[in-house]
file run_5.pdb (PDB, C-alpha atoms, pLDDT in the B column)
MODEL        1
ATOM      1  CA  MET L  12     -38.620   0.622 -26.001  1.00 60.00           C
ATOM      2  CA  VAL L  13     -35.090   0.956 -27.288  1.00 63.00           C
ATOM      3  CA  ALA L  14     -32.492   2.431 -24.934  1.00 62.00           C
ATOM      4  CA  ASN L  15     -28.771   2.482 -24.349  1.00 64.00           C
ATOM      5  CA  LEU L  16     -27.937   1.219 -20.883  1.00 61.00           C
ATOM      6  CA  PRO L  17     -25.397   3.127 -18.794  1.00 61.00           C
ATOM      7  CA  VAL L  18     -21.757   2.119 -18.764  1.00 65.00           C
ATOM      8  CA  GLY L  19     -21.114  -0.569 -16.155  1.00 62.00           C
ATOM      9  CA  SER L  20     -24.486  -2.241 -16.437  1.00 60.00           C
ATOM     10  CA  SER L  21     -24.447  -5.931 -17.176  1.00 59.00           C
ATOM     11  CA  GLY L  22     -26.923  -5.564 -20.007  1.00 55.00           C
ATOM     12  CA  GLY L  23     -24.113  -5.745 -22.551  1.00 58.00           C
ATOM     13  CA  LYS L  24     -23.807  -9.483 -21.947  1.00 64.00           C
ATOM     14  CA  ARG L  25     -27.142 -10.082 -23.625  1.00 63.00           C
ATOM     15  CA  SER L  26     -27.747 -10.304 -27.354  1.00 63.00           C
ATOM     16  CA  VAL L  27     -29.221  -7.436 -29.298  1.00 68.00           C
ATOM     17  CA  GLY L  28     -32.991  -7.750 -29.343  1.00 72.00           C
ATOM     18  CA  ASP L  29     -33.301  -9.712 -26.096  1.00 73.00           C
ATOM     19  CA  HIS L  30     -36.155  -8.688 -23.841  1.00 76.00           C
ATOM     20  CA  MET L  31     -35.280  -7.457 -20.359  1.00 73.00           C
ATOM     21  CA  THR L  32     -36.989  -5.592 -17.539  1.00 75.00           C
ATOM     22  CA  VAL L  33     -35.828  -2.017 -17.048  1.00 73.00           C
ATOM     23  CA  ARG L  34     -36.628   0.721 -14.577  1.00 78.00           C
ATOM     24  CA  TYR L  35     -36.977   4.299 -15.643  1.00 76.00           C
ATOM     25  CA  GLN L  36     -37.239   7.675 -13.979  1.00 78.00           C
ATOM     26  CA  ALA L  37     -40.831   8.925 -13.856  1.00 82.00           C
ATOM     27  CA  ASP L  38     -39.874  12.462 -14.878  1.00 86.00           C
ATOM     28  CA  ASP L  39     -37.603  11.310 -17.743  1.00 81.00           C
ATOM     29  CA  PRO L  40     -38.441   7.883 -19.159  1.00 78.00           C
ATOM     30  CA  ARG L  41     -35.374   8.031 -21.414  1.00 76.00           C
ATOM     31  CA  VAL L  42     -33.152   7.461 -18.335  1.00 76.00           C
ATOM     32  CA  VAL L  43     -33.275   3.713 -17.779  1.00 74.00           C
ATOM     33  CA  ALA L  44     -31.377   1.039 -15.878  1.00 73.00           C
ATOM     34  CA  ARG L  45     -31.639  -2.718 -16.059  1.00 70.00           C
ATOM     35  CA  GLU L  46     -33.627  -3.970 -13.068  1.00 70.00           C
ATOM     36  CA  GLY L  47     -30.803  -6.313 -12.047  1.00 66.00           C
ATOM     37  CA  ASP L  48     -28.404  -3.353 -11.823  1.00 66.00           C
ATOM     38  CA  VAL L  49     -30.417  -1.289  -9.347  1.00 68.00           C
ATOM     39  CA  GLY L  50     -30.139  -3.708  -6.431  1.00 66.00           C
ATOM     40  CA  GLY L  51     -27.126  -1.985  -4.873  1.00 62.00           C
ATOM     41  CA  GLY L  52     -24.469  -4.324  -6.263  1.00 64.00           C
ATOM     42  CA  GLY L  53     -22.261  -1.371  -7.163  1.00 71.00           C
ATOM     43  CA  ALA L  54     -22.006  -0.313  -3.531  1.00 74.00           C
ATOM     44  CA  VAL L  55     -20.931  -3.806  -2.516  1.00 76.00           C
ATOM     45  CA  LEU L  56     -18.270  -3.858  -5.228  1.00 80.00           C
ATOM     46  CA  LEU L  57     -16.973  -0.454  -4.143  1.00 82.00           C
ATOM     47  CA  ALA L  58     -16.824  -1.517  -0.487  1.00 86.00           C
ATOM     48  CA  MET L  59     -14.926  -4.690  -1.388  1.00 88.00           C
ATOM     49  CA  THR L  60     -12.459  -2.761  -3.537  1.00 91.00           C
ATOM     50  CA  VAL L  61     -11.795  -0.198  -0.802  1.00 91.00           C
ATOM     51  CA  GLY L  62     -11.428  -2.973   1.800  1.00 91.00           C
ATOM     52  CA  VAL L  63      -8.932  -4.935  -0.264  1.00 92.00           C
ATOM     53  CA  GLY L  64      -6.987  -1.754  -1.006  1.00 90.00           C
ATOM     54  CA  ALA L  65      -6.858  -0.876   2.678  1.00 91.00           C
ATOM     55  CA  LEU L  66      -5.678  -4.349   3.658  1.00 90.00           C
ATOM     56  CA  THR L  67      -3.019  -4.176   0.965  1.00 90.00           C
ATOM     57  CA  PHE L  68      -1.609  -0.710   1.660  1.00 91.00           C
ATOM     58  CA  LEU L  69      -2.170  -0.077   5.384  1.00 89.00           C
ATOM     59  CA  PRO L  70       0.565  -2.503   6.528  1.00 90.00           C
ATOM     60  CA  LEU L  71       3.176  -0.567   4.517  1.00 91.00           C
ATOM     61  CA  PRO L  72       3.411   2.464   6.871  1.00 90.00           C
ATOM     62  CA  VAL L  73       3.430   0.146   9.886  1.00 91.00           C
ATOM     63  CA  MET L  74       6.332  -1.857   8.444  1.00 92.00           C
ATOM     64  CA  ALA L  75       8.176   1.385   7.588  1.00 92.00           C
ATOM     65  CA  ALA L  76       7.771   2.630  11.168  1.00 92.00           C
ATOM     66  CA  ILE L  77       9.094  -0.663  12.560  1.00 92.00           C
ATOM     67  CA  GLN L  78      12.123  -0.470  10.277  1.00 93.00           C
ATOM     68  CA  ALA L  79      12.777   3.152  11.323  1.00 91.00           C
ATOM     69  CA  VAL L  80      12.707   2.175  15.003  1.00 90.00           C
ATOM     70  CA  ARG L  81      15.064  -0.752  14.401  1.00 90.00           C
ATOM     71  CA  ARG L  82      17.584   1.386  12.493  1.00 90.00           C
ATOM     72  CA  ARG L  83      17.659   4.137  15.126  1.00 82.00           C
ATOM     73  CA  PRO L  84      20.916   3.960  17.103  1.00 80.00           C
ATOM     74  CA  SER L  85      20.431   2.974  20.713  1.00 70.00           C
ATOM     75  CA  ARG L  86      21.480   5.487  23.390  1.00 70.00           C
ATOM     76  CA  ARG L  87      23.777   3.833  25.918  1.00 64.00           C
TER      77      ARG L  87
ENDMDL
END
call {"tool": "encode", "arguments": {"input": "run_5.pdb", "output": "structure tokens"}}
result
Amino acid sequence: MVANLPVGSSGGKRSVGDHMTVRYQADDPRVVAREGDVGGGGAVLLAMTVGVGALTFLPLPVMAAIQAVRRRPSRR
């Protein structure tokens, strides 16, 4: 079988003509994915990216609120 793998699969790291195991949809055997790419690794990568983004950008509003409280004139 000859097939183009979807964008983002790691099949592009292999040489042309290499043998690999693929999975296909029963109703459309032209839709294939490399077996190593269907293990849910994409979900882990997405979760890590969202987590790192949250840890990077969530402290910014907290720091802005602290600065706003510090700059507010005290009422005496």
call {"tool": "residues_around", "arguments": {"input": "run_5.pdb", "residues": "Tyr35 (chain L)", "least_positions_apart": "5", "cutoff": "9 Å", "atoms": "only C-alpha atoms", "output": "JSON, numbers by chain"}}
result
{"L": [40, 41, 42, 43, 44, 45]}
call {"tool": "atom_distance", "arguments": {"input": "run_5.pdb", "atom1": "CA of Ala79 (chain L)", "atom2": "CA of Gly64 (chain L)"}}
result
23.8 Å
call {"tool": "atom_distance", "arguments": {"input": "run_5.pdb", "atom1": "CA of Arg82 (chain L)", "atom2": "CA of Thr67 (chain L)"}}
result
24.3 Å
call {"tool": "atom_distance", "arguments": {"input": "run_5.pdb", "atom1": "CA of Gly53 (chain L)", "atom2": "CA of Ala37 (chain L)"}}
result
22.3 Å
call {"tool": "build_atoms", "arguments": {"input": "run_5.pdb", "residues": "region 56-80 of chain L", "atoms": "N, CA, C and O atoms", "output": "mmCIF file, in the frame of the given file"}}
result
data_model
loop_
_atom_site.group_PDB
_atom_site.id
_atom_site.type_symbol
_atom_site.label_atom_id
_atom_site.label_comp_id
_atom_site.auth_asym_id
_atom_site.auth_seq_id
_atom_site.Cartn_x
_atom_site.Cartn_y
_atom_site.Cartn_z
ATOM 1 N N LEU L 56 -19.533 -3.777 -4.503
ATOM 2 C CA LEU L 56 -18.270 -3.858 -5.228
ATOM 3 C C LEU L 56 -17.312 -2.761 -4.782
ATOM 4 O O LEU L 56 -16.121 -3.006 -4.580
ATOM 5 N N LEU L 57 -17.818 -1.553 -4.603
ATOM 6 C CA LEU L 57 -16.973 -0.454 -4.143
ATOM 7 C C LEU L 57 -16.432 -0.726 -2.744
ATOM 8 O O LEU L 57 -15.244 -0.517 -2.476
ATOM 9 N N ALA L 58 -17.268 -1.217 -1.854
ATOM 10 C CA ALA L 58 -16.824 -1.517 -0.487
ATOM 11 C C ALA L 58 -15.757 -2.610 -0.491
ATOM 12 O O ALA L 58 -14.767 -2.526 0.254
ATOM 13 N N MET L 59 -15.929 -3.622 -1.317
ATOM 14 C CA MET L 59 -14.926 -4.690 -1.388
ATOM 15 C C MET L 59 -13.610 -4.163 -1.938
ATOM 16 O O MET L 59 -12.536 -4.495 -1.435
ATOM 17 N N THR L 60 -13.674 -3.315 -2.952
ATOM 18 C CA THR L 60 -12.459 -2.761 -3.537
ATOM 19 C C THR L 60 -11.709 -1.898 -2.530
ATOM 20 O O THR L 60 -10.478 -2.000 -2.397
ATOM 21 N N VAL L 61 -12.427 -1.055 -1.810
ATOM 22 C CA VAL L 61 -11.795 -0.198 -0.802
ATOM 23 C C VAL L 61 -11.210 -1.055 0.318
ATOM 24 O O VAL L 61 -10.099 -0.801 0.799
ATOM 25 N N GLY L 62 -11.924 -2.086 0.739
ATOM 26 C CA GLY L 62 -11.428 -2.973 1.800
ATOM 27 C C GLY L 62 -10.157 -3.696 1.412
ATOM 28 O O GLY L 62 -9.198 -3.763 2.183
ATOM 29 N N VAL L 63 -10.133 -4.235 0.204
ATOM 30 C CA VAL L 63 -8.932 -4.935 -0.264
ATOM 31 C C VAL L 63 -7.763 -3.956 -0.391
ATOM 32 O O VAL L 63 -6.624 -4.271 -0.028
ATOM 33 N N GLY L 64 -8.042 -2.762 -0.895
ATOM 34 C CA GLY L 64 -6.987 -1.754 -1.006
ATOM 35 C C GLY L 64 -6.428 -1.369 0.353
ATOM 36 O O GLY L 64 -5.217 -1.223 0.528
ATOM 37 N N ALA L 65 -7.312 -1.230 1.330
ATOM 38 C CA ALA L 65 -6.858 -0.876 2.678
ATOM 39 C C ALA L 65 -6.016 -1.994 3.279
ATOM 40 O O ALA L 65 -4.964 -1.739 3.876
ATOM 41 N N LEU L 66 -6.453 -3.231 3.119
ATOM 42 C CA LEU L 66 -5.678 -4.349 3.658
ATOM 43 C C LEU L 66 -4.344 -4.514 2.955
ATOM 44 O O LEU L 66 -3.386 -5.018 3.537
ATOM 45 N N THR L 67 -4.274 -4.076 1.711
ATOM 46 C CA THR L 67 -3.019 -4.176 0.965
ATOM 47 C C THR L 67 -2.042 -3.075 1.357
ATOM 48 O O THR L 67 -0.856 -3.331 1.545
ATOM 49 N N PHE L 68 -2.519 -1.840 1.490
ATOM 50 C CA PHE L 68 -1.609 -0.710 1.660
ATOM 51 C C PHE L 68 -1.447 -0.218 3.087
ATOM 52 O O PHE L 68 -0.470 0.463 3.390
ATOM 53 N N LEU L 69 -2.337 -0.533 4.005
ATOM 54 C CA LEU L 69 -2.170 -0.077 5.384
ATOM 55 C C LEU L 69 -0.973 -0.706 6.096
ATOM 56 O O LEU L 69 -0.339 -0.032 6.904
ATOM 57 N N PRO L 70 -0.618 -1.954 5.851
ATOM 58 C CA PRO L 70 0.565 -2.503 6.528
ATOM 59 C C PRO L 70 1.878 -1.831 6.122
ATOM 60 O O PRO L 70 2.849 -1.881 6.878
ATOM 61 N N LEU L 71 1.929 -1.181 4.965
ATOM 62 C CA LEU L 71 3.176 -0.567 4.517
ATOM 63 C C LEU L 71 3.687 0.511 5.467
ATOM 64 O O LEU L 71 4.878 0.490 5.829
ATOM 65 N N PRO L 72 2.890 1.471 5.927
ATOM 66 C CA PRO L 72 3.411 2.464 6.871
ATOM 67 C C PRO L 72 3.805 1.848 8.214
ATOM 68 O O PRO L 72 4.755 2.292 8.854
ATOM 69 N N VAL L 73 3.087 0.813 8.626
ATOM 70 C CA VAL L 73 3.430 0.146 9.886
ATOM 71 C C VAL L 73 4.799 -0.516 9.758
ATOM 72 O O VAL L 73 5.647 -0.401 10.654
ATOM 73 N N MET L 74 5.023 -1.207 8.655
ATOM 74 C CA MET L 74 6.332 -1.857 8.444
ATOM 75 C C MET L 74 7.446 -0.823 8.334
ATOM 76 O O MET L 74 8.552 -1.027 8.849
ATOM 77 N N ALA L 75 7.171 0.324 7.693
ATOM 78 C CA ALA L 75 8.176 1.385 7.588
ATOM 79 C C ALA L 75 8.506 1.951 8.964
ATOM 80 O O ALA L 75 9.676 2.230 9.267
ATOM 81 N N ALA L 76 7.522 2.122 9.827
ATOM 82 C CA ALA L 76 7.771 2.630 11.168
ATOM 83 C C ALA L 76 8.594 1.639 11.980
ATOM 84 O O ALA L 76 9.509 2.032 12.723
ATOM 85 N N ILE L 77 8.315 0.354 11.843
ATOM 86 C CA ILE L 77 9.094 -0.663 12.560
ATOM 87 C C ILE L 77 10.543 -0.642 12.098
ATOM 88 O O ILE L 77 11.469 -0.701 12.911
ATOM 89 N N GLN L 78 10.756 -0.531 10.800
ATOM 90 C CA GLN L 78 12.123 -0.470 10.277
ATOM 91 C C GLN L 78 12.849 0.776 10.774
ATOM 92 O O GLN L 78 14.039 0.731 11.103
ATOM 93 N N ALA L 79 12.150 1.919 10.847
ATOM 94 C CA ALA L 79 12.777 3.152 11.323
ATOM 95 C C ALA L 79 13.196 3.018 12.780
ATOM 96 O O ALA L 79 14.271 3.480 13.177
ATOM 97 N N VAL L 80 12.369 2.362 13.593
ATOM 98 C CA VAL L 80 12.707 2.175 15.003
ATOM 99 C C VAL L 80 13.894 1.228 15.131
ATOM 100 O O VAL L 80 14.789 1.444 15.952
#
